[in-house]
file my_file_36.cif (mmCIF, C-alpha atoms)
data_run
loop_
_atom_site.label_atom_id
_atom_site.label_comp_id
_atom_site.auth_asym_id
_atom_site.auth_seq_id
_atom_site.Cartn_x
_atom_site.Cartn_y
_atom_site.Cartn_z
CA MET A 19 0.00 0.00 0.00
CA ASN A 20 2.80 2.42 0.92
CA ALA A 21 4.59 1.58 -2.32
CA LYS A 22 1.44 2.41 -4.30
CA ILE A 23 1.06 5.72 -2.46
CA ARG A 24 4.69 6.64 -3.14
CA GLN A 25 4.34 5.65 -6.78
CA GLY A 26 1.16 7.71 -7.09
CA PHE A 27 2.89 10.71 -5.50
CA TRP A 28 5.85 10.58 -7.87
CA ASN A 29 3.52 10.11 -10.84
CA ALA A 30 1.64 13.25 -9.78
CA VAL A 31 4.93 15.14 -9.40
CA GLY A 32 6.00 14.00 -12.85
CA ALA A 33 2.67 15.03 -14.39
CA TYR A 34 2.38 18.38 -12.58
CA PRO A 35 5.88 19.62 -11.67
CA PHE A 36 4.77 23.25 -11.81
CA GLY A 37 1.83 22.34 -9.60
CA VAL A 38 4.31 21.17 -6.94
CA LEU A 39 6.22 24.44 -7.23
CA LEU A 40 2.96 26.40 -7.02
CA ALA A 41 1.99 24.57 -3.82
CA ALA A 42 5.39 25.38 -2.26
CA LEU A 43 5.13 29.06 -3.25
CA MET A 44 1.61 29.34 -1.85
CA LEU A 45 2.76 27.74 1.39
CA MET A 46 5.61 30.24 1.64
CA LEU A 47 3.21 33.14 1.09
CA ALA A 48 0.78 31.81 3.69
CA LEU A 49 3.40 31.18 6.39
CA SER A 50 5.99 33.94 5.87
CA PRO A 51 3.94 36.65 7.64
CA VAL A 52 3.46 34.52 10.76
CA ILE A 53 6.52 32.26 10.99
CA SER A 54 8.54 34.90 12.86
CA PHE A 55 6.21 34.45 15.85
CA PHE A 56 7.88 31.08 16.42
CA GLY A 57 11.09 32.99 17.20
CA GLU A 58 9.82 33.31 20.77
CA PHE A 59 10.21 29.55 21.14
CA ALA A 60 13.23 28.75 18.94
CA LYS A 61 16.13 30.92 17.78
CA LEU A 62 16.04 29.09 14.45
CA PHE A 63 12.93 31.14 13.61
CA GLU A 64 14.36 34.54 14.54
CA GLY A 65 14.72 37.27 11.92
CA ILE A 66 15.57 36.40 8.35
CA ARG A 67 16.49 32.89 9.51
CA ALA A 68 12.77 32.32 9.99
CA LEU A 69 12.39 32.23 6.21
CA ALA A 70 15.06 29.52 5.77
CA PRO A 71 12.71 26.49 6.11
CA LEU A 72 10.26 28.02 3.64
CA SER A 73 13.06 28.96 1.25
CA LEU A 74 14.42 25.41 1.45
CA LEU A 75 10.96 24.09 0.58
CA VAL A 76 10.76 26.38 -2.46
CA VAL A 77 14.27 25.45 -3.61
CA SER A 78 13.45 21.73 -3.35
CA ALA A 79 10.17 22.17 -5.23
CA SER A 80 11.99 24.24 -7.87
CA MET A 81 14.48 21.46 -8.52
CA MET A 82 11.65 18.94 -8.84
CA ALA A 83 9.88 21.25 -11.30
CA LEU A 84 12.99 22.00 -13.36
CA TRP A 85 14.46 18.53 -13.55
CA GLN A 86 12.50 17.65 -16.69
CA ARG A 87 12.98 21.05 -18.33
CA ALA A 88 16.37 22.45 -17.37
CA ARG A 89 18.98 21.96 -20.09
CA HIS A 90 21.91 21.95 -17.70
CA HIS A 91 21.10 19.72 -14.74
CA ALA A 92 24.58 20.03 -13.24
CA MET A 93 24.38 23.84 -13.20
CA SER A 94 20.89 23.72 -11.67
CA MET A 95 22.04 21.34 -8.94
CA PHE A 96 25.12 23.45 -8.25
CA ALA A 97 23.07 26.67 -7.94
CA ALA A 98 20.52 24.97 -5.67
CA GLY A 99 23.35 23.51 -3.58
CA ILE A 100 24.89 26.94 -3.02
CA VAL A 101 21.53 28.32 -1.86
CA ILE A 102 20.97 25.37 0.49
CA VAL A 103 24.47 25.68 2.00
CA LEU A 104 24.02 29.42 2.58
CA LEU A 105 20.58 28.84 4.11
CA ALA A 106 22.07 26.25 6.47
CA LEU A 107 25.02 28.46 7.43
CA GLY A 108 22.76 31.47 7.97
CA SER A 109 20.46 29.43 10.20
CA PHE A 110 23.19 28.28 12.59
CA ILE A 111 25.88 30.97 12.31
CA ALA A 112 24.93 34.53 13.25
CA HIS A 113 27.10 36.62 10.90
CA ARG A 114 25.99 39.80 9.13
CA THR A 115 27.79 39.01 5.86
CA LEU A 116 25.88 35.75 5.47
CA ILE A 117 22.49 37.49 5.29
CA PRO A 118 23.11 39.53 2.07
CA LEU A 119 24.91 36.55 0.49
CA GLN A 120 21.99 34.31 1.34
CA LEU A 121 19.46 36.77 -0.07
CA ALA A 122 21.48 37.41 -3.23
CA ALA A 123 21.86 33.68 -3.86
CA GLN A 124 18.11 33.16 -3.50
CA ILE A 125 17.36 36.07 -5.86
CA VAL A 126 19.71 34.71 -8.55
CA PHE A 127 18.47 31.13 -8.20
CA LEU A 128 14.77 32.07 -8.22
CA GLY A 129 15.43 34.34 -11.20
CA TYR A 130 16.94 31.36 -13.02
CA VAL A 131 13.93 29.24 -12.06
CA MET A 132 11.54 31.92 -13.30
CA ALA A 133 13.38 32.18 -16.63
CA ILE A 134 12.98 28.44 -17.23
CA VAL A 135 9.30 28.50 -16.25
CA VAL A 136 8.68 31.47 -18.58
CA ARG A 137 10.39 29.62 -21.41
CA SER A 138 8.25 26.54 -20.76
CA VAL A 139 5.03 28.59 -20.74
CA PHE A 140 5.87 30.54 -23.89
CA THR A 141 7.01 27.47 -25.88
CA ALA A 142 4.04 25.30 -24.85
CA ARG A 143 1.78 24.15 -27.67
CA ASN A 144 -1.17 23.24 -25.47
CA VAL A 145 -2.70 24.89 -22.41
CA THR A 146 -2.68 22.25 -19.69
CA GLY A 147 -3.18 22.41 -15.96
CA ASP A 148 0.58 22.28 -15.47
CA ILE A 149 1.17 25.17 -17.88
CA LEU A 150 -1.45 27.24 -16.07
CA SER A 151 0.31 26.44 -12.79
CA GLY A 152 3.58 27.55 -14.38
CA ALA A 153 2.07 30.89 -15.39
CA VAL A 154 0.88 31.48 -11.82
CA CYS A 155 4.34 30.46 -10.53
CA VAL A 156 5.94 33.19 -12.67
CA TYR A 157 3.73 35.80 -11.02
CA LEU A 158 4.37 34.52 -7.49
CA LEU A 159 8.12 34.19 -8.11
CA THR A 160 8.17 37.83 -9.24
CA GLY A 161 6.62 38.88 -5.94
CA ILE A 162 8.98 36.76 -3.84
CA ILE A 163 12.07 37.99 -5.70
CA ALA A 164 10.86 41.57 -5.26
CA GLY A 165 10.34 40.94 -1.53
CA LEU A 166 13.89 39.62 -1.16
CA CYS A 167 15.18 42.68 -3.02
CA PHE A 168 13.26 44.94 -0.62
CA ILE A 169 14.89 43.14 2.32
CA LEU A 170 18.31 43.74 0.74
CA ILE A 171 17.50 47.42 0.27
CA GLU A 172 16.51 47.70 3.94
CA LEU A 173 19.73 45.94 4.97
CA PHE A 174 22.01 48.32 3.07
CA LEU A 175 19.86 51.45 3.42
CA PRO A 176 18.22 51.27 6.87
CA GLY A 177 14.99 53.20 7.11
CA SER A 178 14.08 52.74 3.43
CA PHE A 179 10.67 51.44 4.51
CA ARG A 180 8.44 52.47 7.38
CA VAL A 181 5.12 51.53 8.89
CA ALA A 182 2.62 54.38 8.51
CA SER A 183 1.40 54.25 12.11
CA TRP A 184 4.81 53.56 13.66
CA SER A 185 5.86 55.85 16.51
CA GLY A 186 9.40 54.58 17.07
CA SER A 187 12.71 55.72 15.62
CA ALA A 188 14.07 54.82 12.20
CA MET A 189 16.53 52.34 13.73
CA ASP A 190 13.70 50.58 15.57
CA GLN A 191 11.81 50.29 12.30
CA GLN A 192 14.83 48.85 10.54
CA ASN A 193 15.31 46.27 13.26
CA SER A 194 11.63 45.37 13.06
CA PHE A 195 11.71 44.80 9.30
CA ILE A 196 14.87 42.70 9.51
CA ASN A 197 13.62 40.75 12.52
CA ASP A 198 10.28 40.19 10.80
CA PRO A 199 10.99 40.06 7.03
CA GLY A 200 7.46 38.85 6.35
CA TRP A 201 6.50 42.54 6.40
CA LEU A 202 8.48 43.25 3.24
CA LEU A 203 7.28 40.11 1.45
CA TYR A 204 3.76 41.26 2.31
CA PHE A 205 4.57 44.76 0.99
CA SER A 206 5.97 43.22 -2.20
CA PHE A 207 2.72 41.48 -3.10
CA VAL A 208 0.60 44.46 -2.04
CA THR A 209 2.69 46.51 -4.49
CA LEU A 210 2.77 43.85 -7.22
CA THR A 211 -1.02 43.59 -7.21
CA THR A 212 -1.34 47.41 -6.86
CA VAL A 213 -3.63 46.95 -3.84
CA GLY A 214 -1.68 49.51 -1.84
CA TYR A 215 -3.06 49.32 1.71
CA GLY A 216 -0.70 52.09 2.79
CA ASP A 217 0.43 50.48 6.06
CA VAL A 218 4.02 49.99 4.79
CA LEU A 219 5.56 52.89 2.85
CA PRO A 220 8.78 53.25 0.83
CA ASP A 221 10.68 56.08 2.53
CA SER A 222 13.77 56.49 0.33
CA SER A 223 14.35 57.22 -3.34
CA VAL A 224 15.73 53.72 -3.97
CA ALA A 225 12.78 52.07 -2.23
CA ARG A 226 10.29 54.23 -4.13
CA SER A 227 11.93 53.47 -7.48
CA ALA A 228 11.96 49.73 -6.73
CA SER A 229 8.32 49.85 -5.65
CA VAL A 230 7.26 51.59 -8.87
CA MET A 231 9.17 49.02 -10.95
CA VAL A 232 7.49 46.14 -9.13
CA ALA A 233 4.03 47.64 -9.64
CA VAL A 234 4.63 48.20 -13.38
CA ILE A 235 6.20 44.77 -13.90
CA GLY A 236 3.25 43.14 -12.16
CA GLN A 237 0.73 44.67 -14.58
CA ILE A 238 2.85 43.98 -17.68
CA LEU A 239 3.37 40.39 -16.56
CA LEU A 240 -0.36 39.82 -16.18
CA MET A 241 -1.11 41.20 -19.64
CA VAL A 242 1.65 39.25 -21.37
CA MET A 243 0.84 35.95 -19.65
CA ILE A 244 -2.88 36.20 -20.29
CA ALA A 245 -2.28 37.16 -23.95
CA ARG A 246 0.08 34.23 -24.43
CA LEU A 247 -2.22 31.67 -22.80
CA VAL A 248 -5.21 32.91 -24.78
CA GLY A 249 -3.16 32.76 -27.98
CA ILE A 250 -2.10 29.17 -27.29
CA ASN A 251 -5.69 28.22 -26.53
CA VAL A 252 -6.96 29.82 -29.76
CA VAL A 253 -4.35 27.97 -31.83
CA GLN A 254 -5.13 24.75 -29.98
CA ALA A 255 -8.86 25.14 -30.72
CA ALA A 256 -8.19 25.98 -34.38
CA ASP A 257 -5.96 22.91 -34.79
CA ALA A 258 -8.60 20.68 -33.22
CA LYS A 259 -11.27 22.13 -35.51
CA SER A 260 -9.14 21.66 -38.64
CA SER A 261 -8.28 18.09 -37.68
CA LYS A 262 -11.96 17.27 -37.23
CA ALA A 263 -12.73 18.85 -40.63
CA GLY A 264 -9.99 16.74 -42.19
CA GLU A 265 -11.42 13.57 -40.67
CA ARG A 266 -14.85 14.37 -42.06
CA ALA A 267 -13.41 15.04 -45.50
CA ASP A 268 -11.56 11.72 -45.46
CA SER A 269 -14.71 9.87 -44.47
#

call {"tool": "encode", "arguments": {"input": "my_file_36.cif", "output": "structure tokens"}}
result
Amino acid sequence: MNAKIRQGFWNAVGAYPFGVLLAALMLMLALSPVISFFGEFAKLFEGIRALAPLSLLVVSASMMALWQRARHHAMSMFAAGIVIVLLALGSFIAHRTLIPLQLAAQIVFLGYVMAIVVRSVFTARNVTGDILSGAVCVYLLTGIIAGLCFILIELFLPGSFRVASWSGSAMDQQNSFINDPGWLLYFSFVTLTTVGYGDVLPDSSVARSASVMVAVIGQILLMVMIARLVGINVVQAADAKSSKAGERADS
């Protein structure tokens, strides 16, 4: 029975690799705003280290999704290995230089993952459930990469973001954002979707420029992805119609 369950799981992973990645990304989005609360019970979940388990989950799901599509498996494994090593070191060794290295490695790796998913979506001949999942993954990856970039900006330019109702000093705000990075991931998706609640504000020229770019990219990405998927679906329907007409003519 267990063997059948495992076989069914791996068959599902093989049939819907982007679905697996989508599930991991959704789990990261759901848990990143609240995982820092566990820092009260375990130091492993303090600050940016709190995102390490979720990042590891996304990296693992990314490798499962890319294994069938990546042209250079060795390079993909090497890049994922670097991210995993940095995540592990950052979780157990408290050193300031590890945090920007860890974030930069995640940004580069997730950018590579997104490029492969975009290529798969744009070269697909049929719109399937997995391709639709891939299109959603591109959008979510954009938001996560933007959130990691916002965290980097706050690290190098403290006070670049602030909470609208905050009454503390700029240094207290910076410590809060770094100790609870879920705030900036949240701000990233609020900006990407142009919801704009106004509770977190960009407070420097660099942060404002990055926020504008994320908002614009989010809208362009939606238009391009929808146009491409609709185009594939139209071609798919036309091919099916012509094949049916050909069968009738032959009969």

call {"tool": "atom_distance", "arguments": {"input": "my_file_36.cif", "atom1": "atom CA of A:Phe205", "atom2": "atom CA of A:Leu104"}}
result
24.8 Å

call {"tool": "residues_around", "arguments": {"input": "my_file_36.cif", "residues": "A:Ile100", "least_positions_apart": "2", "cutoff": "12 Å", "atoms": "all atoms listed in the file", "output": "list in words"}}
result
Leu74, Val77, Met93, Ser94, Met95, Phe96, Ala97, Ala98, Ile102, Val103, Leu104, Leu105, Ala106, Leu107, Leu119, Gln120, Leu121, Ala122, Ala123, Gln124, Val126 and Phe127 of chain A

call {"tool": "atom_distance", "arguments": {"input": "my_file_36.cif", "atom1": "atom CA of A:Phe179", "atom2": "atom CA of A:Thr115"}}
result
21.2 Å

call {"tool": "residues_around", "arguments": {"input": "my_file_36.cif", "residues": "A:Ala228", "least_positions_apart": "2", "cutoff": "12 Å", "atoms": "only C-alpha atoms", "output": "PyMOL selection string"}}
result
chain A and resi 163-172+178-179+205-206+209-210+219-226+230-235

call {"tool": "closest_residue", "arguments": {"input": "my_file_36.cif", "among": "A:Cys155, A:Leu203, A:Ala42, A:Met81", "to": "A:Val101", "atoms": "all atoms listed in the file"}}
result
A:Met81

call {"tool": "resolve_selection", "arguments": {"input": "my_file_36.cif", "expression": "the PyMOL selection byres ((chain A and resi 137) around 12)", "output": "ChimeraX atom specification"}}
result
/A:84,87-89,130-136,138-143,149,152-153,156,243,246

call {"tool": "write_last_selection", "arguments": {"input": "my_file_36.cif", "atoms": "C-alpha atoms", "output": "short mmCIF file (atom, residue, chain, number, x, y, z; two decimals), keeping the file's coordinate frame"}}
result
data_model
loop_
_atom_site.label_atom_id
_atom_site.label_comp_id
_atom_site.auth_asym_id
_atom_site.auth_seq_id
_atom_site.Cartn_x
_atom_site.Cartn_y
_atom_site.Cartn_z
CA LEU A 84 12.99 22.00 -13.36
CA ARG A 87 12.98 21.05 -18.33
CA ALA A 88 16.37 22.45 -17.37
CA ARG A 89 18.98 21.96 -20.09
CA TYR A 130 16.94 31.36 -13.02
CA VAL A 131 13.93 29.24 -12.06
CA MET A 132 11.54 31.92 -13.30
CA ALA A 133 13.38 32.18 -16.63
CA ILE A 134 12.98 28.44 -17.23
CA VAL A 135 9.30 28.50 -16.25
CA VAL A 136 8.68 31.47 -18.58
CA SER A 138 8.25 26.54 -20.76
CA VAL A 139 5.03 28.59 -20.74
CA PHE A 140 5.87 30.54 -23.89
CA THR A 141 7.01 27.47 -25.88
CA ALA A 142 4.04 25.30 -24.85
CA ARG A 143 1.78 24.15 -27.67
CA ILE A 149 1.17 25.17 -17.88
CA GLY A 152 3.58 27.55 -14.38
CA ALA A 153 2.07 30.89 -15.39
CA VAL A 156 5.94 33.19 -12.67
CA MET A 243 0.84 35.95 -19.65
CA ARG A 246 0.08 34.23 -24.43
#

call {"tool": "closest_residue", "arguments": {"input": "my_file_36.cif", "among": "A:Leu247, A:Val253, A:Ile117, A:Leu39", "to": "A:Val145", "atoms": "only C-alpha atoms"}}
result
A:Leu247

call {"tool": "residues_around", "arguments": {"input": "my_file_36.cif", "residues": "A:Met46", "least_positions_apart": "3", "cutoff": "9 Å", "atoms": "all atoms listed in the file", "output": "PyMOL selection string"}}
result
chain A and resi 41-43+49-51+69+72-73+75-76

call {"tool": "atom_distance", "arguments": {"input": "my_file_36.cif", "atom1": "atom CA of A:Ile111", "atom2": "atom CA of A:Ala68"}}
result
13.4 Å

call {"tool": "closest_residue", "arguments": {"input": "my_file_36.cif", "among": "A:Val218, A:Leu40, A:Ala70, A:Leu45", "to": "A:Met82", "atoms": "all atoms listed in the file"}}
result
A:Leu40

call {"tool": "closest_residue", "arguments": {"input": "my_file_36.cif", "among": "A:Gly99, A:Leu202, A:Thr160, A:Gln86", "to": "A:Ile125", "atoms": "all atoms listed in the file"}}
result
A:Thr160

call {"tool": "axis_aligned_box", "arguments": {"input": "my_file_36.cif", "around": "stretch 95-109 of chain A", "padding_each_side": "6 Å", "output": "lines of an AutoDock Vina configuration file"}}
result
center_x = 22.8
center_y = 26.4
center_z = 0.6
size_x = 16.7
size_y = 22.1
size_z = 31.1

call {"tool": "build_atoms", "arguments": {"input": "my_file_36.cif", "residues": "stretch 215-235 of chain A", "atoms": "N, CA and C atoms", "output": "compact mmCIF listing (two decimals), keeping the file's coordinate frame"}}
result
# COMPACT_ATOMS: atom_id res chain seq x y z
N TYR A 215 -2.35 49.03 0.45
CA TYR A 215 -3.06 49.32 1.71
C TYR A 215 -2.54 50.57 2.39
N GLY A 216 -1.26 50.88 2.20
CA GLY A 216 -0.70 52.09 2.79
C GLY A 216 -0.15 51.92 4.19
N ASP A 217 -0.10 50.68 4.71
CA ASP A 217 0.43 50.48 6.06
C ASP A 217 1.96 50.43 6.05
N VAL A 218 2.57 49.97 4.95
CA VAL A 218 4.02 49.99 4.79
C VAL A 218 4.33 50.93 3.63
N LEU A 219 5.27 51.87 3.86
CA LEU A 219 5.56 52.89 2.85
C LEU A 219 7.04 52.89 2.49
N PRO A 220 7.38 53.05 1.21
CA PRO A 220 8.78 53.25 0.83
C PRO A 220 9.20 54.66 1.24
N ASP A 221 10.32 54.79 1.94
CA ASP A 221 10.68 56.08 2.53
C ASP A 221 12.04 56.59 2.04
N SER A 222 12.53 56.00 0.95
CA SER A 222 13.77 56.49 0.33
C SER A 222 13.60 56.45 -1.17
N SER A 223 14.47 57.17 -1.88
CA SER A 223 14.35 57.22 -3.34
C SER A 223 14.56 55.84 -3.96
N VAL A 224 15.48 55.07 -3.44
CA VAL A 224 15.73 53.72 -3.97
C VAL A 224 14.51 52.84 -3.74
N ALA A 225 13.95 52.89 -2.55
CA ALA A 225 12.78 52.07 -2.23
C ALA A 225 11.58 52.47 -3.08
N ARG A 226 11.40 53.78 -3.30
CA ARG A 226 10.29 54.23 -4.13
C ARG A 226 10.46 53.78 -5.58
N SER A 227 11.68 53.90 -6.10
CA SER A 227 11.93 53.47 -7.48
C SER A 227 11.68 51.96 -7.63
N ALA A 228 12.17 51.18 -6.67
CA ALA A 228 11.96 49.73 -6.73
C ALA A 228 10.48 49.39 -6.64
N SER A 229 9.75 50.11 -5.81
CA SER A 229 8.32 49.85 -5.65
C SER A 229 7.56 50.14 -6.94
N VAL A 230 7.91 51.25 -7.60
CA VAL A 230 7.26 51.59 -8.87
C VAL A 230 7.55 50.52 -9.92
N MET A 231 8.80 50.06 -9.98
CA MET A 231 9.17 49.02 -10.95
C MET A 231 8.39 47.74 -10.71
N VAL A 232 8.24 47.36 -9.46
CA VAL A 232 7.49 46.14 -9.13
C VAL A 232 6.03 46.28 -9.54
N ALA A 233 5.43 47.43 -9.28
CA ALA A 233 4.03 47.64 -9.64
C ALA A 233 3.83 47.57 -11.16
N VAL A 234 4.74 48.20 -11.91
CA VAL A 234 4.63 48.20 -13.38
C VAL A 234 4.85 46.80 -13.93
N ILE A 235 5.89 46.12 -13.43
CA ILE A 235 6.20 44.77 -13.90
C ILE A 235 5.03 43.84 -13.63
